[in-house]
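Working notes for the structure below.
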Amino acid sequence: MQPRLVKTADCRRLAVQTFGDPEGRPVFLMHGTPGSRLGPTPRSSVLYNLGVRLISFDRPGYGGSDRLRGRQVAAAAADVQAIADEFGLERFAVVGRSGGGPHALACGALLPGRVHRVAVLVGLAPWNAEDLDWYAGMTAANIRDYRAAERDHQRIAATMEQRARRMRDDPATLLAGLRRELTAVDRAVVSDAGIRRMLLSNYREAFRQNADGWIDDVLAFTTDWGFKAQDVTAATWLWHGADDMWSPVDHSRWLAAHIPDATLFLEPGAAHFGSLRVLTAALKWAAGGTD
């Protein structure tokens, strides 16, 4: 599928894909880390039945989108605003999964007149969150990457470039690496042939150019986000699998305690990739409540 290219105020290009009902209620979907606009989504027939026009785009540095050097998490709000303006959308919702969660929250905080609902599945809390042990319960692979980002931005860039080249040539290596640290319930999810095909397509597109998007996501998560959780004024729906080790569940507990209008759903026995099953419900909730 060829993306639509949208130009930002600073003349960058964003690769945008739409799914579902062209006349439906608009919902932006913020992909995971690493990821792309071709990441997991419900089937078009499901989106039509929900009456949802789903809008997904490659964050800067991923897929077909130009890099934004030094970007903060907050930068996502300006990019979503540029796409919404291009599409003539005044009001919309935003859903973010995993690494897309902080970027969805940025929209809820920085576009208060336009974002009416935000849903975050297995998201992260701010790196500098008070009274939160950010790394507690996190898988060793994520701790390694985030700690390396804290210590040396240049070194992590070189390492991740190398890993991204391998994954671009053979995206299955990323899934193979993931499986070693997934819970049994998550391994069952990613063993599904349809989900594997979708994830492989997603990762292949994510690294089509290089690892810039992935690097910049990790750096953005481990520095100041450019807004506070308390700034999120939109109604917020948080979901987390209680056994998640990639984005530990305490992150969503912290967000629920600091976002003014947040509702938290914890699912016992579910983990990180359980969010794929919940995505349809999240989109249904996000699309509702329009004025």
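Chain lettering (A, B, ...) mirrors the order of the structure tokens, residue numbering begins at 1 for each chain separately, and ligand numbering begins at 1 in order of display.
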
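Near Pro260 in chain A, within 10 Å and counting only C-alpha atoms, sit Ala229, Gln230, Asp231, Val232, Thr233, Ala234, Ala235, Thr236, Leu255, Ala256, Ala257, His258, Ala262 and Thr263 of chain A, not including residues fewer than 2 positions from it in the same chain.
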
Residues from the last selection, N, CA, C and O atoms, saved as a short mmCIF file (atom, residue, chain, number, x, y, z; two decimals), in the first residue's frame:
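selection20.cif written:
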```cif
data_model
loop_
_atom_site.label_atom_id
_atom_site.label_comp_id
_atom_site.auth_asym_id
_atom_site.auth_seq_id
_atom_site.Cartn_x
_atom_site.Cartn_y
_atom_site.Cartn_z
N ALA A 229 2.26 14.22 32.72
CA ALA A 229 1.05 13.40 32.71
C ALA A 229 -0.16 14.21 33.17
O ALA A 229 -1.28 14.03 32.66
N GLN A 230 0.07 15.11 34.10
CA GLN A 230 -1.03 15.94 34.61
C GLN A 230 -1.61 16.87 33.55
O GLN A 230 -2.72 17.39 33.71
N ASP A 231 -0.87 17.08 32.46
CA ASP A 231 -1.33 17.96 31.38
C ASP A 231 -2.33 17.28 30.45
O ASP A 231 -2.93 17.95 29.60
N VAL A 232 -2.48 15.96 30.56
CA VAL A 232 -3.41 15.23 29.69
C VAL A 232 -4.83 15.51 30.14
O VAL A 232 -5.28 15.03 31.18
N THR A 233 -5.56 16.31 29.37
CA THR A 233 -6.92 16.71 29.76
C THR A 233 -7.98 15.81 29.15
O THR A 233 -9.12 15.79 29.62
N ALA A 234 -7.65 15.07 28.09
CA ALA A 234 -8.63 14.19 27.46
C ALA A 234 -8.94 13.00 28.35
O ALA A 234 -8.10 12.55 29.13
N ALA A 235 -10.15 12.48 28.23
CA ALA A 235 -10.50 11.23 28.92
C ALA A 235 -9.53 10.15 28.44
O ALA A 235 -9.29 10.01 27.23
N THR A 236 -8.99 9.38 29.37
CA THR A 236 -7.92 8.43 29.04
C THR A 236 -8.26 7.03 29.54
O THR A 236 -8.65 6.85 30.69
N LEU A 255 0.57 6.14 35.69
CA LEU A 255 -0.16 7.05 34.80
C LEU A 255 -1.59 7.26 35.30
O LEU A 255 -2.10 8.39 35.29
N ALA A 256 -2.24 6.19 35.73
CA ALA A 256 -3.63 6.30 36.21
C ALA A 256 -3.72 7.21 37.42
O ALA A 256 -4.73 7.90 37.61
N ALA A 257 -2.67 7.23 38.22
CA ALA A 257 -2.68 8.06 39.43
C ALA A 257 -2.38 9.52 39.13
O ALA A 257 -2.65 10.39 39.98
N HIS A 258 -1.84 9.83 37.95
CA HIS A 258 -1.41 11.19 37.65
C HIS A 258 -2.16 11.87 36.51
O HIS A 258 -2.09 13.10 36.38
N ALA A 262 -8.46 9.47 34.11
CA ALA A 262 -7.95 8.19 33.60
C ALA A 262 -8.68 7.02 34.25
O ALA A 262 -8.99 7.04 35.44
N THR A 263 -8.94 6.00 33.44
CA THR A 263 -9.51 4.74 33.92
C THR A 263 -8.54 3.63 33.56
O THR A 263 -8.12 3.52 32.40
#
```

Under the rule of at most 10 Å, produce a per-residue listing of range 29-93 of chain A near range 283-287 of chain A: chain, number, name, the closest pair of atoms, and the distance in Å, as a Markdown table, using only C-alpha atoms.
```
| residue | atom | partner | partner_atom | distance |
| --- | --- | --- | --- | --- |
| A:Leu29 | CA | A:Leu283 | CA | 8.8 |
| A:Thr41 | CA | A:Leu283 | CA | 9.9 |
| A:Pro42 | CA | A:Leu283 | CA | 9.3 |
| A:Leu47 | CA | A:Leu283 | CA | 8.7 |
| A:Asn49 | CA | A:Lys284 | CA | 9.9 |
| A:Leu50 | CA | A:Lys284 | CA | 6.3 |
| A:Gly51 | CA | A:Ala287 | CA | 8.2 |
| A:Val52 | CA | A:Ala287 | CA | 6.8 |
| A:Arg53 | CA | A:Ala287 | CA | 9.1 |
| A:Leu54 | CA | A:Leu283 | CA | 8.7 |
| A:Phe92 | CA | A:Ala287 | CA | 7.8 |
| A:Ala93 | CA | A:Ala286 | CA | 5.7 |
```

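The shell of residues at most 9 Å from Thr222 in chain A, with only C-alpha atoms counted and near chain neighbours (fewer than 3 positions) removed, consists of A:Pro126, A:Trp127, A:Asn128, A:Tyr146, A:Arg147, A:Ala149, A:Glu150, A:Asp217, A:Val218, A:Leu219, A:Trp225.
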
Query raised in the report: Among range 7-242 of chain A, which ones does DSSP place in strand (DSSP E), written as JSON, numbers by chain?
Result: {"A": [7, 13, 14, 15, 16, 17, 18, 19, 20, 25, 26, 27, 28, 29, 30, 52, 53, 54, 55, 56, 57, 92, 93, 94, 95, 96, 97, 115, 116, 117, 118, 119, 120, 121, 235, 236, 237, 238, 239, 240, 241]}

Just the selected residues (N, CA and C atoms), exported as a compact mmCIF listing (two decimals), in the first residue's frame, please.
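result_10.txt written:
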```
# COMPACT_ATOMS: atom_id res chain seq x y z
N LYS A 7 3.27 16.94 4.46
CA LYS A 7 4.40 17.80 4.79
C LYS A 7 4.11 18.56 6.08
N ARG A 13 8.55 15.11 5.65
CA ARG A 13 7.48 14.29 5.10
C ARG A 13 7.10 13.21 6.10
N LEU A 14 5.79 13.02 6.27
CA LEU A 14 5.26 11.94 7.10
C LEU A 14 4.50 10.97 6.21
N ALA A 15 4.81 9.68 6.32
CA ALA A 15 4.11 8.66 5.54
C ALA A 15 2.87 8.21 6.31
N VAL A 16 1.70 8.40 5.71
CA VAL A 16 0.43 8.20 6.39
C VAL A 16 -0.40 7.14 5.66
N GLN A 17 -1.05 6.27 6.43
CA GLN A 17 -1.92 5.24 5.86
C GLN A 17 -3.27 5.31 6.55
N THR A 18 -4.36 5.15 5.80
CA THR A 18 -5.69 5.14 6.41
C THR A 18 -6.33 3.78 6.16
N PHE A 19 -7.16 3.37 7.11
CA PHE A 19 -7.84 2.08 7.05
C PHE A 19 -9.29 2.27 7.49
N GLY A 20 -10.14 1.34 7.08
CA GLY A 20 -11.52 1.35 7.56
C GLY A 20 -12.44 2.24 6.77
N ARG A 25 -15.56 7.88 12.13
CA ARG A 25 -14.99 8.76 13.15
C ARG A 25 -13.47 8.59 13.18
N PRO A 26 -12.71 9.67 13.10
CA PRO A 26 -11.25 9.56 12.97
C PRO A 26 -10.56 9.18 14.28
N VAL A 27 -9.69 8.20 14.18
CA VAL A 27 -8.86 7.77 15.30
C VAL A 27 -7.44 7.59 14.79
N PHE A 28 -6.49 8.27 15.41
CA PHE A 28 -5.08 8.09 15.10
C PHE A 28 -4.54 6.91 15.90
N LEU A 29 -3.73 6.07 15.24
CA LEU A 29 -3.09 4.94 15.91
C LEU A 29 -1.58 5.16 15.91
N MET A 30 -1.01 5.21 17.11
CA MET A 30 0.43 5.41 17.27
C MET A 30 1.09 4.05 17.44
N VAL A 52 -15.09 3.40 12.11
CA VAL A 52 -13.82 4.07 12.44
C VAL A 52 -13.00 4.32 11.17
N ARG A 53 -12.51 5.52 11.05
CA ARG A 53 -11.50 5.86 10.05
C ARG A 53 -10.16 5.87 10.79
N LEU A 54 -9.37 4.83 10.60
CA LEU A 54 -8.12 4.69 11.33
C LEU A 54 -6.98 5.33 10.54
N ILE A 55 -6.22 6.17 11.21
CA ILE A 55 -5.11 6.90 10.58
C ILE A 55 -3.82 6.53 11.30
N SER A 56 -2.91 5.92 10.57
CA SER A 56 -1.63 5.51 11.14
C SER A 56 -0.50 6.14 10.33
N PHE A 57 0.57 6.51 11.00
CA PHE A 57 1.70 7.11 10.27
C PHE A 57 3.01 6.65 10.89
N PHE A 92 -10.71 14.48 17.00
CA PHE A 92 -10.32 13.09 16.75
C PHE A 92 -9.84 12.48 18.07
N ALA A 93 -9.68 11.16 18.04
CA ALA A 93 -9.15 10.42 19.18
C ALA A 93 -7.78 9.87 18.81
N VAL A 94 -7.02 9.45 19.83
CA VAL A 94 -5.68 8.89 19.60
C VAL A 94 -5.52 7.64 20.45
N VAL A 95 -5.03 6.58 19.82
CA VAL A 95 -4.74 5.33 20.51
C VAL A 95 -3.26 5.01 20.32
N GLY A 96 -2.59 4.60 21.40
CA GLY A 96 -1.19 4.23 21.31
C GLY A 96 -0.94 2.90 21.98
N ARG A 97 -0.15 2.05 21.31
CA ARG A 97 0.19 0.74 21.88
C ARG A 97 1.68 0.69 22.15
N VAL A 115 -8.24 16.72 20.66
CA VAL A 115 -8.25 15.31 21.06
C VAL A 115 -9.29 15.10 22.16
N HIS A 116 -10.31 14.29 21.86
CA HIS A 116 -11.36 14.11 22.85
C HIS A 116 -11.19 12.86 23.70
N ARG A 117 -10.45 11.86 23.20
CA ARG A 117 -10.18 10.66 23.98
C ARG A 117 -8.81 10.10 23.61
N VAL A 118 -8.17 9.49 24.62
CA VAL A 118 -6.87 8.84 24.42
C VAL A 118 -6.95 7.45 25.04
N ALA A 119 -6.52 6.45 24.30
CA ALA A 119 -6.40 5.09 24.84
C ALA A 119 -4.95 4.65 24.73
N VAL A 120 -4.44 4.08 25.81
CA VAL A 120 -3.05 3.63 25.85
C VAL A 120 -3.02 2.17 26.30
N LEU A 121 -2.40 1.32 25.49
CA LEU A 121 -2.29 -0.10 25.80
C LEU A 121 -0.82 -0.43 26.09
N ALA A 235 -10.15 12.48 28.23
CA ALA A 235 -10.50 11.23 28.92
C ALA A 235 -9.53 10.15 28.44
N THR A 236 -8.99 9.38 29.37
CA THR A 236 -7.92 8.43 29.04
C THR A 236 -8.26 7.03 29.54
N TRP A 237 -8.10 6.06 28.65
CA TRP A 237 -8.39 4.64 28.90
C TRP A 237 -7.08 3.90 28.87
N LEU A 238 -6.70 3.32 30.00
CA LEU A 238 -5.42 2.61 30.11
C LEU A 238 -5.68 1.12 30.27
N TRP A 239 -4.96 0.31 29.49
CA TRP A 239 -5.06 -1.15 29.62
C TRP A 239 -3.67 -1.73 29.76
N HIS A 240 -3.54 -2.71 30.65
CA HIS A 240 -2.24 -3.35 30.83
C HIS A 240 -2.44 -4.80 31.23
N GLY A 241 -1.66 -5.69 30.59
CA GLY A 241 -1.60 -7.07 31.04
C GLY A 241 -0.76 -7.16 32.30
```

Query raised in the report: Tell me, which residues of range 40-289 of chain A carry DSSP helix (DSSP H, G or I), written as JSON, numbers by chain?
Result: {"A": [44, 45, 46, 47, 48, 49, 50, 75, 76, 77, 78, 79, 80, 81, 82, 83, 84, 85, 86, 87, 100, 101, 102, 103, 104, 105, 106, 107, 108, 109, 110, 140, 141, 142, 143, 144, 145, 146, 147, 148, 149, 150, 151, 153, 154, 155, 156, 157, 158, 159, 160, 161, 162, 163, 164, 165, 166, 167, 168, 169, 172, 173, 174, 175, 176, 177, 178, 179, 184, 185, 186, 187, 188, 189, 190, 193, 194, 195, 196, 197, 198, 199, 200, 201, 202, 203, 204, 205, 206, 212, 213, 214, 215, 216, 217, 218, 219, 220, 221, 229, 230, 231, 249, 250, 251, 252, 253, 254, 255, 256, 257, 258, 272, 273, 274, 275, 276, 277, 278, 279, 280, 281, 282, 283, 284, 285, 286, 287]}

**Report entry** Counting only C-alpha atoms, the option among A:Ala106, A:Leu199, A:Leu111, A:Ile83 closest to Thr173 in chain A
**Finding:** A:Leu199

Query - Residues within 10 Å of Ala74 in chain A, only C-alpha atoms, excluding chain neighbours under 4 positions, as a PyMOL selection string - result: chain A and resi 78-79+102-107+109-110+220+224-228

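The two atoms in question, CA of Glu161 in chain A and CA of Asp212 in chain A, are spaced 7.8 Å apart.
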
Query raised in the report: Leaving out Tyr135 in chain A and any residue of its chain fewer than 5 positions from it, which residues lie within 12 Å of it when counting only C-alpha atoms, given as a list of chain:residue names?
Result: A:Leu124, A:Ala125, A:Pro126, A:Trp127, A:Asn128, A:Ala129, A:Ala140, A:Ala141, A:Asn142, A:Ile143, A:Arg144, A:Asp145, A:Tyr146, A:Arg147, A:Thr222, A:Met245, A:Trp246, A:Ser247, A:Pro248, A:Val249, A:Asp250, A:His251

**Report entry** Distance query Gly274 in chain A at most 7 Å, only C-alpha atoms, self and fewer than 3 positions along chain excluded, as number ranges by chain
**Finding:** A: 186, 241, 270-271, 277-278

**Report entry** Spatial neighbours of Ala164 in chain A, 7 Å, only C-alpha atoms, chain gap at least 4 places, as a count of residues only
**Finding:** 5

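Distances here use only C-alpha atoms; by that measure, the residue among A:Arg204, A:Leu182, A:Glu267, A:Gly113 closest to Arg166 in chain A is A:Arg204.
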
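Across A:Asn202, A:Thr139, A:Gln209, A:Ser98, the tightest approach to His272 in chain A is made by A:Ser98 when counting only C-alpha atoms.
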